[in-house]
>>> print(open('start-v5.cif').read())   # mmCIF, C-alpha atoms
data_query
loop_
_atom_site.group_PDB
_atom_site.id
_atom_site.type_symbol
_atom_site.label_atom_id
_atom_site.label_comp_id
_atom_site.auth_asym_id
_atom_site.auth_seq_id
_atom_site.Cartn_x
_atom_site.Cartn_y
_atom_site.Cartn_z
ATOM 1 C CA MET P 134 94.661 8.440 -128.240
ATOM 2 C CA LEU P 135 94.460 6.450 -131.473
ATOM 3 C CA GLU P 136 97.812 4.869 -130.701
ATOM 4 C CA TYR P 137 96.534 3.795 -127.283
ATOM 5 C CA LEU P 138 93.383 2.321 -128.834
ATOM 6 C CA SER P 139 95.401 0.394 -131.374
ATOM 7 C CA MET P 140 97.612 -1.035 -128.621
ATOM 8 C CA GLY P 141 94.615 -2.771 -127.045
ATOM 9 C CA GLY P 142 93.464 -4.464 -130.223
ATOM 10 C CA TRP P 143 90.006 -4.495 -131.752
ATOM 11 C CA MET P 144 88.382 -5.089 -128.330
ATOM 12 C CA MET P 145 89.044 -1.413 -127.607
ATOM 13 C CA VAL P 146 86.290 -0.451 -130.056
ATOM 14 C CA PRO P 147 83.363 -1.813 -127.983
ATOM 15 C CA LEU P 148 85.037 -0.507 -124.812
ATOM 16 C CA PHE P 149 85.282 2.951 -126.365
ATOM 17 C CA LEU P 150 81.609 2.789 -127.398
ATOM 18 C CA CYS P 151 80.674 1.716 -123.858
ATOM 19 C CA SER P 152 82.521 4.711 -122.435
ATOM 20 C CA VAL P 153 80.775 7.116 -124.820
ATOM 21 C CA ILE P 154 77.314 5.691 -124.038
ATOM 22 C CA ALA P 155 77.984 5.695 -120.286
ATOM 23 C CA THR P 156 79.180 9.305 -120.382
ATOM 24 C CA ALA P 157 76.108 10.406 -122.331
ATOM 25 C CA ILE P 158 73.755 8.658 -119.875
ATOM 26 C CA VAL P 159 75.536 10.132 -116.850
ATOM 27 C CA LEU P 160 75.267 13.675 -118.232
ATOM 28 C CA GLU P 161 71.615 13.160 -119.206
ATOM 29 C CA ARG P 162 70.702 11.758 -115.769
ATOM 30 C CA PHE P 163 72.456 14.616 -113.963
ATOM 31 C CA TRP P 164 70.352 17.045 -116.007
ATOM 32 C CA THR P 165 67.090 15.102 -115.673
ATOM 33 C CA LEU P 166 67.256 14.199 -111.965
ATOM 34 C CA ARG P 167 67.651 17.732 -110.655
ATOM 35 C CA GLN P 168 65.512 18.523 -107.617
ATOM 36 C CA ASP P 169 63.890 21.593 -109.193
ATOM 37 C CA LYS P 170 63.056 19.629 -112.340
ATOM 38 C CA VAL P 171 61.653 16.499 -110.660
ATOM 39 C CA ALA P 172 60.139 17.741 -107.398
ATOM 40 C CA PRO P 173 60.121 21.547 -107.028
ATOM 41 C CA ARG P 174 60.140 22.390 -103.340
ATOM 42 C CA SER P 175 57.520 25.136 -103.634
ATOM 43 C CA LEU P 176 55.033 23.154 -105.722
ATOM 44 C CA LEU P 177 53.027 21.625 -102.873
ATOM 45 C CA ASN P 178 52.700 24.927 -100.996
ATOM 46 C CA ASP P 179 51.563 26.629 -104.196
ATOM 47 C CA LEU P 180 48.928 23.940 -104.713
ATOM 48 C CA LEU P 181 47.691 24.279 -101.139
ATOM 49 C CA VAL P 182 47.294 28.042 -101.573
ATOM 50 C CA VAL P 183 45.384 27.623 -104.836
ATOM 51 C CA SER P 184 43.211 24.903 -103.315
ATOM 52 C CA ARG P 185 42.329 27.054 -100.305
ATOM 53 C CA GLU P 186 41.235 29.831 -102.663
ATOM 54 C CA ASN P 187 39.132 27.388 -104.722
ATOM 55 C CA LEU P 188 41.003 28.247 -107.920
ATOM 56 C CA VAL P 189 41.546 24.655 -109.024
ATOM 57 C CA ASP P 190 40.115 23.796 -112.432
ATOM 58 C CA GLU P 191 40.905 21.342 -115.220
ATOM 59 C CA ALA P 192 43.243 23.738 -117.026
ATOM 60 C CA PHE P 193 45.190 24.388 -113.822
ATOM 61 C CA LEU P 194 45.554 20.669 -113.104
ATOM 62 C CA LYS P 195 46.785 20.093 -116.650
ATOM 63 C CA ARG P 196 49.504 22.716 -116.200
ATOM 64 C CA VAL P 197 50.547 21.145 -112.914
ATOM 65 C CA GLU P 198 50.567 17.658 -114.458
ATOM 66 C CA VAL P 199 53.009 18.582 -117.220
ATOM 67 C CA SER P 200 55.194 20.812 -115.050
ATOM 68 C CA SER P 201 57.205 18.025 -113.378
ATOM 69 C CA PRO P 202 57.044 14.381 -112.278
ATOM 70 C CA LEU P 203 55.883 15.497 -108.826
ATOM 71 C CA GLY P 204 53.291 17.675 -110.514
ATOM 72 C CA ALA P 205 51.909 14.641 -112.354
ATOM 73 C CA VAL P 206 51.455 12.756 -109.075
ATOM 74 C CA LEU P 207 49.929 15.690 -107.193
ATOM 75 C CA ALA P 208 47.606 16.544 -110.082
ATOM 76 C CA SER P 209 46.274 12.969 -110.114
ATOM 77 C CA CYS P 210 45.667 13.263 -106.384
ATOM 78 C CA MET P 211 43.745 16.517 -106.709
ATOM 79 C CA ALA P 212 41.766 15.356 -109.761
ATOM 80 C CA ASN P 213 40.486 12.318 -107.871
ATOM 81 C CA SER P 214 40.150 13.864 -104.423
ATOM 82 C CA GLN P 215 36.381 13.257 -104.336
ATOM 83 C CA ARG P 216 36.854 9.502 -104.524
ATOM 84 C CA PRO P 217 37.267 7.273 -101.439
ATOM 85 C CA ARG P 218 40.723 7.396 -99.893
ATOM 86 C CA ASP P 219 41.656 3.861 -100.945
ATOM 87 C CA GLU P 220 40.753 4.558 -104.567
ATOM 88 C CA VAL P 221 42.739 7.799 -104.563
ATOM 89 C CA LYS P 222 45.769 6.025 -103.125
ATOM 90 C CA GLU P 223 45.523 3.299 -105.762
ATOM 91 C CA ILE P 224 45.322 5.833 -108.589
ATOM 92 C CA VAL P 225 48.187 7.912 -107.206
ATOM 93 C CA GLU P 226 50.349 4.824 -106.687
ATOM 94 C CA GLY P 227 49.792 3.872 -110.331
ATOM 95 C CA VAL P 228 50.907 7.298 -111.496
ATOM 96 C CA GLY P 229 53.804 7.157 -109.043
ATOM 97 C CA ARG P 230 55.031 3.839 -110.442
ATOM 98 C CA HIS P 231 55.002 5.293 -113.940
ATOM 99 C CA VAL P 232 56.912 8.361 -112.760
ATOM 100 C CA ALA P 233 59.461 6.236 -110.869
ATOM 101 C CA PHE P 234 59.985 4.094 -113.974
ATOM 102 C CA ASN P 235 60.710 7.203 -116.041
ATOM 103 C CA LEU P 236 63.121 8.533 -113.420
ATOM 104 C CA ALA P 237 65.088 5.279 -113.628
ATOM 105 C CA SER P 238 65.351 5.448 -117.426
ATOM 106 C CA TYR P 239 68.708 4.299 -118.839
ATOM 107 C CA LEU P 240 69.977 3.120 -115.450
ATOM 108 C CA ASN P 241 69.726 -0.507 -116.573
ATOM 109 C CA ILE P 242 71.965 0.338 -119.524
ATOM 110 C CA LEU P 243 74.432 2.003 -117.159
ATOM 111 C CA GLY P 244 74.442 -1.070 -114.911
ATOM 112 C CA THR P 245 74.914 -3.355 -117.906
ATOM 113 C CA ILE P 246 77.926 -1.367 -119.091
ATOM 114 C CA ALA P 247 79.427 -1.511 -115.594
ATOM 115 C CA SER P 248 79.064 -5.308 -115.673
ATOM 116 C CA VAL P 249 80.110 -5.913 -119.270
ATOM 117 C CA ALA P 250 83.137 -3.594 -119.549
ATOM 118 C CA PRO P 251 85.421 -5.718 -117.297
ATOM 119 C CA LEU P 252 84.378 -8.822 -119.249
ATOM 120 C CA LEU P 253 85.266 -7.125 -122.527
ATOM 121 C CA GLY P 254 88.613 -6.169 -121.012
ATOM 122 C CA LEU P 255 89.129 -9.744 -119.892
ATOM 123 C CA LEU P 256 88.290 -11.002 -123.372
ATOM 124 C CA GLY P 257 90.889 -8.614 -124.768
ATOM 125 C CA THR P 258 93.372 -10.058 -122.283
ATOM 126 C CA VAL P 259 92.609 -13.603 -123.408
ATOM 127 C CA LEU P 260 92.974 -12.637 -127.070
ATOM 128 C CA GLY P 261 96.274 -10.926 -126.316
ATOM 129 C CA MET P 262 97.624 -13.976 -124.521
ATOM 130 C CA ILE P 263 96.473 -16.223 -127.387
ATOM 131 C CA GLU P 264 98.503 -14.009 -129.679
ATOM 132 C CA VAL P 265 101.516 -14.362 -127.388
ATOM 133 C CA PHE P 266 101.317 -18.149 -127.359
ATOM 134 C CA ALA P 267 100.791 -18.218 -131.113
ATOM 135 C CA VAL P 268 104.040 -16.270 -131.552
ATOM 136 C CA ILE P 269 105.848 -18.601 -129.148
ATOM 137 C CA THR P 270 104.556 -21.616 -131.063
ATOM 138 C CA VAL P 271 105.750 -20.295 -134.419
ATOM 139 C CA SER P 272 108.915 -18.364 -133.539
ATOM 140 C CA GLY P 273 109.869 -19.450 -130.042
ATOM 141 C CA ILE P 274 110.515 -17.092 -127.160
ATOM 142 C CA GLY P 275 113.208 -15.144 -128.973
ATOM 143 C CA GLN P 276 110.778 -12.721 -130.678
ATOM 144 C CA ALA P 277 110.618 -10.216 -127.832
ATOM 145 C CA GLY P 278 108.942 -7.484 -129.860
ATOM 146 C CA GLU P 279 106.046 -9.632 -130.963
ATOM 147 C CA LEU P 280 105.652 -11.080 -127.490
ATOM 148 C CA ALA P 281 105.579 -7.605 -125.993
ATOM 149 C CA GLY P 282 102.842 -6.585 -128.461
ATOM 150 C CA GLY P 283 100.573 -9.389 -127.329
ATOM 151 C CA ILE P 284 101.246 -8.749 -123.663
ATOM 152 C CA SER P 285 100.640 -5.003 -124.023
ATOM 153 C CA GLN P 286 97.339 -5.721 -125.803
ATOM 154 C CA ALA P 287 96.308 -7.916 -122.888
ATOM 155 C CA LEU P 288 97.231 -5.333 -120.255
ATOM 156 C CA VAL P 289 95.783 -2.324 -122.085
ATOM 157 C CA SER P 290 92.414 -3.970 -122.716
ATOM 158 C CA THR P 291 92.154 -5.111 -119.083
ATOM 159 C CA ALA P 292 93.027 -1.669 -117.762
ATOM 160 C CA THR P 293 90.566 0.012 -120.149
ATOM 161 C CA GLY P 294 87.759 -2.319 -119.121
ATOM 162 C CA LEU P 295 88.311 -1.406 -115.473
ATOM 163 C CA VAL P 296 88.643 2.302 -116.227
ATOM 164 C CA VAL P 297 85.250 2.219 -117.967
ATOM 165 C CA ALA P 298 83.541 -0.052 -115.427
ATOM 166 C CA ILE P 299 84.571 1.519 -112.103
ATOM 167 C CA PRO P 300 83.202 5.067 -112.600
ATOM 168 C CA THR P 301 80.181 3.695 -114.453
ATOM 169 C CA LEU P 302 79.317 1.469 -111.488
ATOM 170 C CA MET P 303 79.769 4.405 -109.088
ATOM 171 C CA PHE P 304 77.412 6.607 -111.105
ATOM 172 C CA TYR P 305 74.938 3.734 -111.455
ATOM 173 C CA ARG P 306 74.766 3.326 -107.668
ATOM 174 C CA TYR P 307 74.572 7.091 -107.158
ATOM 175 C CA PHE P 308 71.652 7.514 -109.555
ATOM 176 C CA GLN P 309 69.827 4.550 -108.033
ATOM 177 C CA GLY P 310 70.039 6.250 -104.647
ATOM 178 C CA ARG P 311 69.052 9.578 -106.190
ATOM 179 C CA VAL P 312 65.908 8.079 -107.725
ATOM 180 C CA GLU P 313 64.937 6.408 -104.442
ATOM 181 C CA THR P 314 65.389 9.696 -102.564
ATOM 182 C CA LEU P 315 63.256 11.604 -105.059
ATOM 183 C CA VAL P 316 60.520 8.956 -105.021
ATOM 184 C CA ILE P 317 60.349 8.997 -101.218
ATOM 185 C CA SER P 318 60.213 12.798 -101.269
ATOM 186 C CA MET P 319 57.321 12.720 -103.750
ATOM 187 C CA GLU P 320 55.481 10.153 -101.634
ATOM 188 C CA LYS P 321 55.729 12.438 -98.585
ATOM 189 C CA GLU P 322 54.482 15.447 -100.543
ATOM 190 C CA THR P 323 51.585 13.430 -101.961
ATOM 191 C CA MET P 324 50.518 12.202 -98.521
ATOM 192 C CA ARG P 325 50.546 15.782 -97.221
ATOM 193 C CA LEU P 326 48.320 16.882 -100.086
ATOM 194 C CA LEU P 327 45.965 13.925 -99.621
ATOM 195 C CA GLU P 328 45.585 14.656 -95.910
ATOM 196 C CA PHE P 329 44.931 18.335 -96.642
ATOM 197 C CA LEU P 330 42.263 17.529 -99.232
ATOM 198 C CA GLN P 331 40.491 15.037 -96.999
ATOM 199 C CA GLU P 332 40.528 17.445 -94.057
ATOM 200 C CA GLY P 333 38.889 20.011 -96.335
ATOM 201 C CA GLN P 334 36.198 17.509 -97.324
ATOM 202 C CA GLN P 335 35.466 16.662 -93.691
ATOM 203 C CA GLN P 336 35.198 20.331 -92.770
ATOM 204 C CA GLY P 337 33.013 20.973 -95.791
#
>>> encode(input="start-v5.cif", output="structure tokens")
Amino acid sequence: MLEYLSMGGWMMVPLFLCSVIATAIVLERFWTLRQDKVAPRSLLNDLLVVSRENLVDEAFLKRVEVSSPLGAVLASCMANSQRPRDEVKEIVEGVGRHVAFNLASYLNILGTIASVAPLLGLLGTVLGMIEVFAVITVSGIGQAGELAGGISQALVSTATGLVVAIPTLMFYRYFQGRVETLVISMEKETMRLLEFLQEGQQQG
């Protein structure tokens, strides 16, 4: 591994750091964006049951709020259910934007790495070719070993940049889609709760 890194020159150091950071973000996002952690499927039904039995109080809403991102949105909806519908929607949308922002945490870093890694590889290629031409200028084309070193540095850094960038870009796109799916799911659950609460007010 160390031999491979040394073949690509000093540009391999930032590429290696990019790969470590990207891997850490991917693992963290897989853990954080789980369905049961973000939007538990049974949460809305549980809230409807508790609401029907008039067991909702401030302590209960606080527990729901901290239980999950979906819980935070639904708790804000229930806490403000006595307000006019437009006001409730505005409050819930504000909470929803905050939740969506948190769900997308670190994705910008992942996208930046996907964009920068090929450029770092390209820079390593340029530096390698500069080294090749420097050798040619000083020693001519007869120094095959030194020429091969510069060419290998160019090729290794380019390949490494692509190896880091391609999977990083794939995971970046995947997590973007995952966040959008979760946000849409939470919006649907929130609208169901809002309709239920307003129907209860009309009947009351």
>>> resolve_selection(input="start-v5.cif", expression="the PyMOL selection byres ((chain P and resi 159-176) around 6)", output="JSON, numbers by chain")
{"P": [156, 157, 158, 177, 178, 179, 201, 202, 203]}
>>> residues_around(input="start-v5.cif", residues="Ala292 in chain P", least_positions_apart="5", cutoff="9 Å", atoms="only C-alpha atoms", output="PDB file with C-alpha atoms, in the frame of the given file")
ATOM      1  CA  PRO P 251      85.421  -5.718-117.297  1.00  0.00           C
ATOM      2  CA  GLY P 254      88.613  -6.169-121.012  1.00  0.00           C
ATOM      3  CA  ALA P 287      96.308  -7.916-122.888  1.00  0.00           C
ATOM      4  CA  VAL P 297      85.250   2.219-117.967  1.00  0.00           C
TER       5      VAL P 297
END
>>> resolve_selection(input="start-v5.cif", expression="the PyMOL selection byres ((chain P and resi 293) around 12)", output="compact mmCIF listing (two decimals) with C-alpha atoms, in the coordinates of the input")
# COMPACT_ATOMS: atom_id res chain seq x y z
CA TYR P 137 96.53 3.80 -127.28
CA LEU P 138 93.38 2.32 -128.83
CA MET P 140 97.61 -1.03 -128.62
CA GLY P 141 94.62 -2.77 -127.04
CA GLY P 142 93.46 -4.46 -130.22
CA MET P 144 88.38 -5.09 -128.33
CA MET P 145 89.04 -1.41 -127.61
CA VAL P 146 86.29 -0.45 -130.06
CA PRO P 147 83.36 -1.81 -127.98
CA LEU P 148 85.04 -0.51 -124.81
CA PHE P 149 85.28 2.95 -126.36
CA LEU P 150 81.61 2.79 -127.40
CA CYS P 151 80.67 1.72 -123.86
CA SER P 152 82.52 4.71 -122.44
CA ALA P 250 83.14 -3.59 -119.55
CA PRO P 251 85.42 -5.72 -117.30
CA LEU P 252 84.38 -8.82 -119.25
CA LEU P 253 85.27 -7.12 -122.53
CA GLY P 254 88.61 -6.17 -121.01
CA LEU P 255 89.13 -9.74 -119.89
CA LEU P 256 88.29 -11.00 -123.37
CA GLY P 257 90.89 -8.61 -124.77
CA THR P 258 93.37 -10.06 -122.28
CA SER P 285 100.64 -5.00 -124.02
CA GLN P 286 97.34 -5.72 -125.80
CA ALA P 287 96.31 -7.92 -122.89
CA LEU P 288 97.23 -5.33 -120.26
CA VAL P 289 95.78 -2.32 -122.08
CA SER P 290 92.41 -3.97 -122.72
CA THR P 291 92.15 -5.11 -119.08
CA ALA P 292 93.03 -1.67 -117.76
CA GLY P 294 87.76 -2.32 -119.12
CA LEU P 295 88.31 -1.41 -115.47
CA VAL P 296 88.64 2.30 -116.23
CA VAL P 297 85.25 2.22 -117.97
CA ALA P 298 83.54 -0.05 -115.43
CA ILE P 299 84.57 1.52 -112.10
CA PRO P 300 83.20 5.07 -112.60
>>> atom_distance(input="start-v5.cif", atom1="CA of Leu315 in chain P", atom2="CA of Val199 in chain P")
17.4 Å
>>> atom_distance(input="start-v5.cif", atom1="CA of Leu188 in chain P", atom2="CA of Ala208 in chain P")
13.6 Å
>>> resolve_selection(input="start-v5.cif", expression="the PyMOL selection byres ((chain P and resi 240) around 12)", output="ChimeraX atom specification")
/P:154-155,157-159,161-163,166,233-239,241-247,301-312
>>> atom_distance(input="start-v5.cif", atom1="CA of Glu332 in chain P", atom2="CA of Val189 in chain P")
16.6 Å
>>> closest_residue(input="start-v5.cif", among="P:Val206, P:Ala192, P:Val197, P:Leu180", to="Val221 in chain P", atoms="only C-alpha atoms")
P:Val206
>>> closest_residue(input="start-v5.cif", among="P:Met211, P:Ala205, P:Thr323, P:Ile224", to="Val183 in chain P", atoms="all atoms listed in the file")
P:Met211
>>> residues_around(input="start-v5.cif", residues="Ser214 in chain P", least_positions_apart="4", cutoff="10 Å", atoms="only C-alpha atoms", output="PyMOL selection string")
chain P and resi 208-210+218+220-222+326-327+330-331+334
